[in-house]
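Chemist: First, the structure itself, so that you have it in front of you.
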Amino acid sequence: MKYYLNKLFTLLVTLVLISIITFAVFQILPGDPITVMIGVDGNASQYEILKQQYGLDKPLIEQYLSWATGFIRGDLGISMKYKLPVAELLAERIPATLTLAIAALLLTVLIGIPVGIWLARHNNKASGFFMSMFSQLGLAIPSFWGGILLILLFSVTLRWLPSGGYVAWAKDPIQCMRTIALPAISLALGTTCTIIRYMKNTLLDQMGSDYVRTALSKGVSENAVVYRHVLRNALIPVITVLGMLATDILAGSMITENVFSLPGLGTLIINSITSRDLPLIQSGVMYIAVIVTLINMLVDLLYAVIDPRARVR
Amino acid sequence: MNAIRKLIAFALALSLLLSTGIVFASAEETKKEGGEITVAISNEPDSFDPFIVIGADAFNIVYNIYDGLLLFNPDGSLMPGLAESYTVSDDGLTYDFVLKQGIKFHDGSDFNADDVVYTYQTYTGVIGNTPVSLFDNVNGVEKVGDYEVKLSLAELDAGFPYKCIRPICSSDNADNETNPIGTGAYRFVEYIPGQSITLEKYADYATTDEPPVLDKVTFKVMSDSSAKLMAMQSGDLDFAEIAAKDASILSSSFNIVNEVSNTVQVMGLNNRVEPFNNLKVRQALTYAINKDMIVQAVMYGAGIPLNSHMSPALGQYYEENLTYPYDPEKAKELLAEAGYPDGFEFKLVVPSAYPRHVDTAQVIKEQLAQIGVTADIETVEWATFLSDALTSVNSTAWIVGITGNIDPSLILDIYWSKSADGARNWFGYHSDAFDAAFEAAQVELDPAARIQDYKDCCSILAEEVPAIYLEDTNFTKAMNPSLKGYATYPIVYTCLRKLYLAE
């Protein structure tokens, strides 16, 4: 119990520090939201009026505290660029990012782990060599190029799938799967190949250890050795990497969102930085911090499930 | 046998008759009633509220939902909108608008003088206390009758009618942001942030006698150019602005339109610092830059070289063949005369968000190297560019595209030394001659004389080159071949009610 309370406290302190640092950084950076709003099109004499409207003429501490107290109460503030509540904007974008993340991670796990195992067991055969080459290719292809190739094949030539856009799962599950298919594949290309190679390498590593030789000489079948003993050990580093990949995708994959015109968090957060939209940036950064912590906790839990040594507390 | 022969003959004759009918029908284009199209836009609209909106992409949508007292034509001239006519008092300070009757807002409420009064009182800050500085000069809004309103100005402004294209809002509608209600040909249906804006035809549109044809128009937010290309090819998109170099990919199955954008791409110079405070140096730079080459290299020919801060989009104010052609020898001479026989070095800042400006900088660097001038290119992010390069008094040189307007005074005011705190005078430029011509135009009620005043302004800028005028970077637009009726306007605006699909 104390362990979890400790973790919670650490998380809270981290969040506070992150919010202060983010706020400070954006005060130091050149450019402010009003200048960006006015840009080249607008009338610069509006500057002072707009500054007042958005409360940017108040002292810095007051600005930060008013945001912080609002955040604690659950009021994430109003986006300066979109003129809409930040909570609403995030809520609109999280489904797309979440759906994409789940789809891509499912593909990664369901394809990556079995193929990795297969590769490890067929390491010295020709088939193993070719699959290994493919996995290398998958790693080398940049995601935006892969995405464009997929669109070219499946949307333009075959007309099987839409070339972009997003339909929510809640609205229409079939259409949702159609719009998320290509982006998920394009993302999963890189992550699956990473997992394949990790899985293969750690498995091969483990297969060379003493306990495996002992088990085999005792007459245990190779299948049983791999699936009942070796896999658990090999999975530990793989889960670590999966955790990192999951964090990456959940924080928003801006390139994939751009190519497929998905209304995801990545584009929202990057755009908010370009427009210096502080309320949105703060909440975006908080979200990423929470995601990282949650996934780390999940990975720790999984360790405990797989590795009895990790259960002793 | 005979009967069958007759039947066959009859059938043949009938089919011959019908086929000629079919040939005639396909020879002329039939306007299809209704229809739906999808249009791509690059930036999300910053607002739908006419009292707040600033971005050009947003105005495109807003001008289709709302009407102003006056409307504008493709050539930049004005025509009656919600006001069927107006008169100006002799001293030019009072405008009396007679409003059209029988027009309704999208929610069914009647349009009348109360709405105009509400709108202009909000524009001037009397209501709501958030004035739009464009209307700083309006000091009186008076309802004369149910369909007549008087607007009074503090100072004479010959360009005031241009400001009256701004949207009129309903006095009954408090929330223009999430529920914009106007009198325009298209009504707002839904906005999904980050994705799309949907408009549908307003069946009771009565502001002009051009009723809308298309049933539904969906604007999709798409910033990636390859994604746009593929969406067009797969049929998901009917209309998009594309990069000039992509035109050849689509030209076989789509209509490609290259149009002036009413944007002036400039290499801005800070006239407050050395060496740009020296006229001869600025002239030398203009002589040294080959604008035709920039148009070819960066825009693939889709651009028009400029000599002053005025695009041919506003035909009546534009003059060709103003001073300073490409002449590197003359450039070197002038540099020596100015005291820089060995050239000089300067920092050229460009925004990374706009690849065309970055590419232009590369070409300019090459060209200036020929006369011994070294340009150090610095690429920065947009917000940094705005605050450190464009609006900073410590800047040196930068490249950016400056959006135009229908009203020439809103284009040229950036060179006027007396604009509100010199707020938009990015170049730190001060010329008494320019100020005089500009101020004369502001109060000149005679249209011909006003045009000449603005032309004089442009001539002065062409001679003094406070900035190096590069080109009007054309827009390249690709559209579904059955989409007709498209007209080019001098601002970012697609008049949706003119569009229709042909059979």
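Here's how to read the names in the structure tokens: chain A, B, ... by the order shown, residue numbers from 1 in each chain, ligand numbers from 1 in the order shown.
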Could you list, as an MDAnalysis selection string, every residue of chain A that has an atom within 7 Å of an atom of chain B, counting only C-alpha atoms?
Modeler: chainID A and resid 30:31 35:36 39:42 44:46 81:82 152 155:156 159 163 258:261 263 274:275
Chemist: Hey, can you spit out that residue selection with N, CA and C atoms as a compact mmCIF listing (two decimals), in the first residue's frame?
Modeler:
# COMPACT_ATOMS: atom_id res chain seq x y z
N PRO A 30 10.92 33.22 -27.64
CA PRO A 30 10.43 34.39 -28.37
C PRO A 30 9.04 34.12 -28.93
N GLY A 31 8.26 35.14 -29.07
CA GLY A 31 6.93 34.98 -29.63
C GLY A 31 5.90 34.76 -28.54
N THR A 35 0.89 37.70 -30.82
CA THR A 35 1.63 37.97 -32.05
C THR A 35 1.29 36.95 -33.11
N VAL A 36 1.19 35.67 -32.70
CA VAL A 36 0.89 34.62 -33.67
C VAL A 36 -0.54 34.78 -34.20
N GLY A 39 -0.39 37.66 -36.60
CA GLY A 39 0.37 37.20 -37.75
C GLY A 39 0.68 38.31 -38.72
N VAL A 40 0.59 37.97 -39.99
CA VAL A 40 0.86 38.95 -41.03
C VAL A 40 -0.46 39.54 -41.54
N ASP A 41 -1.56 38.80 -41.30
CA ASP A 41 -2.85 39.23 -41.83
C ASP A 41 -3.52 40.29 -40.98
N GLY A 42 -3.33 40.17 -39.68
CA GLY A 42 -4.16 40.97 -38.78
C GLY A 42 -3.68 42.38 -38.58
N ALA A 44 -2.14 45.05 -36.31
CA ALA A 44 -1.27 45.01 -35.13
C ALA A 44 -1.74 45.92 -34.01
N SER A 45 -2.57 46.91 -34.31
CA SER A 45 -3.02 47.79 -33.22
C SER A 45 -4.00 47.07 -32.32
N GLN A 46 -4.42 45.87 -32.71
CA GLN A 46 -5.30 45.08 -31.85
C GLN A 46 -4.53 44.46 -30.71
N LYS A 81 -6.15 29.66 -29.14
CA LYS A 81 -6.22 29.56 -30.61
C LYS A 81 -7.61 29.15 -31.04
N TYR A 82 -8.21 28.16 -30.37
CA TYR A 82 -9.49 27.62 -30.83
C TYR A 82 -10.70 28.24 -30.15
N LEU A 152 -1.35 5.08 -51.67
CA LEU A 152 -1.26 4.93 -53.12
C LEU A 152 -1.82 3.59 -53.55
N SER A 155 -5.83 3.13 -51.53
CA SER A 155 -6.87 4.13 -51.75
C SER A 155 -6.97 4.55 -53.20
N VAL A 156 -5.81 4.90 -53.78
CA VAL A 156 -5.85 5.45 -55.12
C VAL A 156 -6.02 4.35 -56.17
N ARG A 159 -8.80 1.48 -54.41
CA ARG A 159 -10.03 2.11 -53.90
C ARG A 159 -10.73 1.25 -52.85
N SER A 163 -8.64 7.55 -48.13
CA SER A 163 -7.27 8.05 -48.10
C SER A 163 -6.97 8.87 -46.86
N ASN A 258 -0.63 13.57 -39.75
CA ASN A 258 -0.55 14.51 -40.84
C ASN A 258 -0.85 13.85 -42.18
N VAL A 259 -0.18 12.71 -42.43
CA VAL A 259 -0.34 12.04 -43.71
C VAL A 259 -1.77 11.55 -43.90
N PHE A 260 -2.38 11.05 -42.83
CA PHE A 260 -3.73 10.49 -42.94
C PHE A 260 -4.82 11.45 -42.48
N SER A 261 -4.47 12.72 -42.21
CA SER A 261 -5.44 13.73 -41.77
C SER A 261 -6.28 13.23 -40.60
N PRO A 263 -7.55 13.51 -36.77
CA PRO A 263 -7.62 14.54 -35.72
C PRO A 263 -7.08 14.00 -34.41
N THR A 274 3.27 25.85 -31.75
CA THR A 274 3.49 26.86 -32.80
C THR A 274 2.70 28.13 -32.51
N SER A 275 1.49 27.99 -31.96
CA SER A 275 0.71 29.19 -31.67
C SER A 275 0.93 29.70 -30.26
Chemist: Need the shell around His229 (chain A): protein/DNA/RNA residues with any atom at most 12 Å away, counting only C-alpha atoms. Skip same-chain ones fewer than 2 positions apart. Format as an MDAnalysis selection string?
Modeler: chainID A and resid 203 206:207 209 211:216 220:227 231:235 306:307
Chemist: Could you pull the residues within 12 Å of region 247-258 of chain B, counting only C-alpha atoms, minus those fewer than 5 positions along the same chain, as a ChimeraX atom specification?
Modeler: /B:225-226,228-235,237-242,299-304,472-484,486-488
Chemist: Near Tyr198 (chain A), within 8 Å and counting only C-alpha atoms, which residues show up once chain neighbours fewer than 3 positions away are dropped, as a ChimeraX atom specification?
Modeler: /A:116,194-195,201-202,237-238
Chemist: Please report the interatomic distance between CA of Ser431 (chain B) and CA of Lys163 (chain B) in Å with one decimal.
Modeler: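 Computed distance, CA of Ser431 (chain B) to CA of Lys163 (chain B), equals 26.2 Å.
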Chemist: Let me make sure I understand: among B:Thr379, B:Thr286, B:Ser392, B:Ser109, which one has the smallest atom-to-atom distance to Gln367 (chain B) if we use only C-alpha atoms?
Modeler: B:Thr286
Chemist: When DSSP is applied to the backbone of this structure, which of region 65-233 of chain A are assigned helix (DSSP H, G or I)? Write them out as a PyMOL selection string.
Modeler: chain A and resi 65-73+86-121+126-140+143-157+173-207+210-218+222-233
Chemist: Near Leu314 (chain B), within 8 Å and counting only C-alpha atoms, which residues show up once chain neighbours fewer than 2 positions away are dropped, as a list in words?
Modeler: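 The neighbour list is Asp75, Gly76, Asn262, Met310, Ser311, Pro312, Gln316, Tyr317, Tyr318, Ile406 and Pro490 of chain B.
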Chemist: Pull the strand (DSSP E) assignments for region 327-488 of chain B out of DSSP run on the backbone, and list those residues as JSON, numbers by chain.
Modeler: {"B": [345, 346, 347, 348, 349, 350, 351, 374, 375, 376, 377, 378, 379, 380, 397, 398, 399, 400, 401, 402, 403, 467, 468, 469, 470, 471, 472, 473, 475, 476, 477, 478, 479, 483, 484]}
Chemist: Of the candidates A:Glu257, A:Asp300, A:Glu88, A:Asp248, which shows the shortest atom-to-atom distance to Ser283 (chain A), using only C-alpha atoms?
Modeler: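 Comparing A:Glu257, A:Asp300, A:Glu88, A:Asp248 against Ser283 (chain A), the winner is A:Glu88.
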Chemist: Region 89-105 of chain A: which residues within 7 Å, counting only C-alpha atoms, same-chain residues fewer than 2 positions away excluded, as an MDAnalysis selection string?
Modeler: chainID A and resid 85:87 107:109 180 184:185 187:188 249:250 252 263:265
Chemist: Which residues come within 6 Å of Met267 (chain B), counting only C-alpha atoms, excluding same-chain residues fewer than 2 positions away, as a list of chain:residue names?
Modeler: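 The residues that qualify are B:Trp398, B:Ile399, B:Ala467, B:Ile468.
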Chemist: Go ahead and write the residues just picked, C-alpha atoms, as an mmCIF file, in the first residue's frame.
Modeler:
data_model
loop_
_atom_site.group_PDB
_atom_site.id
_atom_site.type_symbol
_atom_site.label_atom_id
_atom_site.label_comp_id
_atom_site.auth_asym_id
_atom_site.auth_seq_id
_atom_site.Cartn_x
_atom_site.Cartn_y
_atom_site.Cartn_z
ATOM 1 C CA TRP B 398 13.616 38.588 -43.819
ATOM 2 C CA ILE B 399 11.432 36.988 -46.455
ATOM 3 C CA ALA B 467 11.784 46.200 -49.282
ATOM 4 C CA ILE B 468 12.775 44.150 -52.289
#
Chemist: Between A:Asp57, A:Ala24, A:Leu76, A:Tyr4, which has the minimum distance to Met286 (chain A) (counting only C-alpha atoms)?
Modeler: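 Counting only C-alpha atoms, the residue closest to Met286 (chain A) is A:Leu76.
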Chemist: Check the smallest atom-to-atom distance from each of B:Asn60, B:Asn270, B:Asn43, B:Ser308 to Ile411 (chain B) using only C-alpha atoms, then report the winner.
Modeler: B:Ser308
